Amino acid sequence: MPTTDEKNNPFLEFLKTWPGIITQILVLISTLLGLLKMCDLLPTASWQKAKQDVTPLKVEPSKITFETIPYYLKNNVGLETKENPLYWFKFWVQNRTNADLVVRITFQLHERSDVPVVVLHPDDNVFTIPKSKDQVWWPSPPMEPRFEFTTEDVKDTVLNINVEILSWDRKISYYANPAKIKILSKNKFTWDLRTPEGGMVSRDFLAASLTAWVFSEDSAVRKRAGEILSLFRAADGAPQVVDRWFEACCENLFKGNERIDVNTETESRRLFKREIVEIRPPGQVLTEKGASPLEAALLVGALSRQAVLQSSKVKNVMGKEDLRVVLFSLPEDETILAWTFKKGDWEGISMNNALSEDYRLNKEKTRKRLEELMKMEPELVDALSSKGVFVDKSRRFLAVDLKKARKDFGIQGLP
């Protein structure tokens, strides 16, 4: 039996009860750990490993950029439309850390004195990648480097893009990937354009992109359209209105005192002669008073679009869906601007002869040419009806329905 001294000794009493106390402490610790885990505050083994890794996240950067983007397509990059593969860059991030991450994207144009440009919004693009238990892949949001050339005559340049992934406090950089995109100067069109995945951009899309020249906004084009409209006299009947409008355009552009010389021998501006073709904007063509047949056709198309915007008389006819205006580039290096109403005959004018021939004679000869063409190329009519474009690069043959191709492929006007 314990003595009286043993009963009154606190230390001895504690030794007798310590197993119970330790048990209570362990229960309390277990409870606290459970609460921390429920609140996602407990450093797990995977988090500890991620913390020790140089890159505690996964990034799929294989789809970062194009190697080359023509400047004329700048307004189309990032638009999700039919057959449009264009985006500046795209990547996915899987955040395996225990905190949100910050992604910072910066753009910089290569600084050269012979490339006058202005960056409209040079600020960083910053967004957050949330932490995730489920290994979710987070896509990069749409980003647009906002810049424009400040003069017409510029050379190719380079756009530098830097993607950086940082800790939430931006003190640790987990990932950085610089990339470069060659920006072709303003007036360059190319058939040799690759997607970020490495494939070729659809020739149908590139053919449709020629409508960017027609739907560009240019003060010189608006002014010239207004001048032509001031002398324009509408006729009775839709075909007569269209005919008189194109006649008024040709007389004003190619026969008057301010006529535009159409040069059919300009090798660098023939659509299928080279992989990169120079196509000047309609406003520049008006200023310089010189054009290739292709540039002349696109100018008449741009003026016709402005006439629809400025005149209700023209809009009531030429603004309707049943009128089709089609650009043809034929194997003989001939460029034709043609038009037809649904189930109607084809009319048109050869831009190669716009300067040398009378409008009526030109139209009659072109009408016969188009009639033969439609009989010889039945797939041409089907392609224009279904998607608005027809391209046979091996034969140097192209046709683009200006309104349908622009609508179906979502083409935006020149920047």
# chains A, B, ... in the order shown; residues from 1 in each chain; ligands from 1
call {"tool": "residues_around", "arguments": {"residues": "Val314 of chain A", "least_positions_apart": "6", "cutoff": "10 Å", "atoms": "only C-alpha atoms", "output": "ChimeraX atom specification"}}
result
/A:229,232,234,238,241-242,245,304-308,320
call {"tool": "write_last_selection", "arguments": {"atoms": "C-alpha atoms", "output": "PDB file, in the first residue's frame"}}
result
ATOM      1  CA  LEU A 229     -21.697  58.970-106.370  1.00  0.00           C
ATOM      2  CA  PHE A 232     -23.909  58.713-110.550  1.00  0.00           C
ATOM      3  CA  ALA A 234     -29.393  55.430-110.981  1.00  0.00           C
ATOM      4  CA  ALA A 238     -31.263  46.224-110.398  1.00  0.00           C
ATOM      5  CA  VAL A 241     -28.026  50.044-111.420  1.00  0.00           C
ATOM      6  CA  VAL A 242     -25.105  47.662-110.961  1.00  0.00           C
ATOM      7  CA  TRP A 245     -22.184  51.877-111.017  1.00  0.00           C
ATOM      8  CA  SER A 304     -18.427  49.640-104.284  1.00  0.00           C
ATOM      9  CA  ARG A 305     -18.561  48.784-100.595  1.00  0.00           C
ATOM     10  CA  GLN A 306     -18.313  52.481 -99.703  1.00  0.00           C
ATOM     11  CA  ALA A 307     -21.056  53.286-102.203  1.00  0.00           C
ATOM     12  CA  VAL A 308     -23.338  50.812-100.412  1.00  0.00           C
ATOM     13  CA  LYS A 320     -28.600  42.622-101.188  1.00  0.00           C
TER      14      LYS A 320
END
call {"tool": "select_by_dssp", "arguments": {"residues": "segment 151-319 of chain A", "states": "strand (DSSP E)", "output": "number ranges by chain"}}
result
A: 157-167, 173-184, 188-190, 261-262, 276-278, 290-291
call {"tool": "residues_around", "arguments": {"residues": "Pro331 of chain A", "least_positions_apart": "5", "cutoff": "6 Å", "atoms": "only C-alpha atoms", "output": "PDB file with C-alpha atoms, in the first residue's frame"}}
result
ATOM      1  CA  ARG A 395      -3.059  26.196-112.448  1.00  0.00           C
ATOM      2  CA  ARG A 396      -2.766  29.702-110.961  1.00  0.00           C
ATOM      3  CA  PHE A 397      -6.562  29.972-110.833  1.00  0.00           C
TER       4      PHE A 397
END
call {"tool": "atom_distance", "arguments": {"atom1": "atom CA of Phe107 of chain A", "atom2": "atom CA of Arg194 of chain A"}}
result
21.1 Å
call {"tool": "select_by_dssp", "arguments": {"residues": "segment 307-353 of chain A", "states": "alpha helix (DSSP H)", "output": "list in words"}}
result
Ala307, Val308, Leu309, Gln310, Ser312, Lys313, Val314, Lys315, Asn316, Val317 and Met318 of chain A
call {"tool": "residues_around", "arguments": {"residues": "Glu83 of chain A", "least_positions_apart": "2", "cutoff": "8 Å", "atoms": "only C-alpha atoms", "output": "PyMOL selection string"}}
result
chain A and resi 81+85+202+205+409
call {"tool": "residues_around", "arguments": {"residues": "Met374 of chain A", "least_positions_apart": "2", "cutoff": "12 Å", "atoms": "only C-alpha atoms", "output": "PyMOL selection string"}}
result
chain A and resi 328+345-347+367-372+376-384+399
call {"tool": "atom_distance", "arguments": {"atom1": "atom CA of Arg96 of chain A", "atom2": "atom CA of Ala179 of chain A"}}
result
24.6 Å
call {"tool": "residues_around", "arguments": {"residues": "Glu332 of chain A", "least_positions_apart": "2", "cutoff": "12 Å", "atoms": "only C-alpha atoms", "output": "NGL selection string"}}
result
:A and (264 or 270-273 or 328-330 or 334-336 or 350 or 352 or 395-398)
call {"tool": "write_last_selection", "arguments": {"atoms": "N, CA and C atoms", "output": "mmCIF file, in the first residue's frame"}}
result
data_model
loop_
_atom_site.group_PDB
_atom_site.id
_atom_site.type_symbol
_atom_site.label_atom_id
_atom_site.label_comp_id
_atom_site.auth_asym_id
_atom_site.auth_seq_id
_atom_site.Cartn_x
_atom_site.Cartn_y
_atom_site.Cartn_z
ATOM 1 N N THR A 264 0.222 45.929 -116.225
ATOM 2 C CA THR A 264 0.056 44.471 -116.260
ATOM 3 C C THR A 264 1.393 43.736 -116.220
ATOM 4 N N ARG A 270 1.914 39.902 -109.176
ATOM 5 C CA ARG A 270 1.077 38.854 -109.756
ATOM 6 C C ARG A 270 0.843 37.774 -108.706
ATOM 7 N N LEU A 271 -0.396 37.396 -108.538
ATOM 8 C CA LEU A 271 -0.815 36.627 -107.375
ATOM 9 C C LEU A 271 -0.127 35.276 -107.237
ATOM 10 N N PHE A 272 0.188 34.625 -108.352
ATOM 11 C CA PHE A 272 0.751 33.273 -108.275
ATOM 12 C C PHE A 272 2.194 33.196 -108.769
ATOM 13 N N LYS A 273 2.789 34.325 -109.053
ATOM 14 C CA LYS A 273 4.156 34.312 -109.564
ATOM 15 C C LYS A 273 5.177 34.092 -108.458
ATOM 16 N N PHE A 328 -11.793 37.265 -109.922
ATOM 17 C CA PHE A 328 -11.170 36.151 -110.617
ATOM 18 C C PHE A 328 -9.711 36.488 -110.924
ATOM 19 N N SER A 329 -8.818 35.542 -110.644
ATOM 20 C CA SER A 329 -7.443 35.617 -111.111
ATOM 21 C C SER A 329 -7.212 34.367 -111.945
ATOM 22 N N LEU A 330 -7.018 34.554 -113.237
ATOM 23 C CA LEU A 330 -7.031 33.438 -114.179
ATOM 24 C C LEU A 330 -5.622 33.012 -114.569
ATOM 25 N N GLU A 334 -4.672 37.100 -115.947
ATOM 26 C CA GLU A 334 -5.732 38.084 -116.161
ATOM 27 C C GLU A 334 -6.569 38.191 -114.891
ATOM 28 N N THR A 335 -6.915 39.417 -114.532
ATOM 29 C CA THR A 335 -7.749 39.666 -113.358
ATOM 30 C C THR A 335 -9.081 40.236 -113.814
ATOM 31 N N ILE A 336 -10.165 39.620 -113.376
ATOM 32 C CA ILE A 336 -11.521 40.038 -113.749
ATOM 33 C C ILE A 336 -12.315 40.323 -112.486
ATOM 34 N N SER A 350 -12.477 43.142 -117.420
ATOM 35 C CA SER A 350 -11.090 42.713 -117.281
ATOM 36 C C SER A 350 -10.264 43.910 -116.839
ATOM 37 N N ASN A 352 -7.105 43.995 -116.690
ATOM 38 C CA ASN A 352 -5.928 44.121 -117.549
ATOM 39 C C ASN A 352 -6.174 45.106 -118.685
ATOM 40 N N ARG A 395 -2.684 25.575 -111.172
ATOM 41 C CA ARG A 395 -3.059 26.196 -112.448
ATOM 42 C C ARG A 395 -3.093 27.722 -112.363
ATOM 43 N N ARG A 396 -2.741 28.247 -111.190
ATOM 44 C CA ARG A 396 -2.766 29.702 -110.961
ATOM 45 C C ARG A 396 -4.174 30.259 -111.234
ATOM 46 N N PHE A 397 -5.151 29.645 -110.594
ATOM 47 C CA PHE A 397 -6.562 29.972 -110.833
ATOM 48 C C PHE A 397 -7.237 30.218 -109.490
ATOM 49 N N LEU A 398 -7.887 31.350 -109.366
ATOM 50 C CA LEU A 398 -8.532 31.714 -108.103
ATOM 51 C C LEU A 398 -9.826 32.479 -108.376
#
call {"tool": "residues_around", "arguments": {"residues": "Pro139 of chain A", "least_positions_apart": "3", "cutoff": "7 Å", "atoms": "only C-alpha atoms", "output": "list in words"}}
result
Phe91, Trp92 and Val93 of chain A
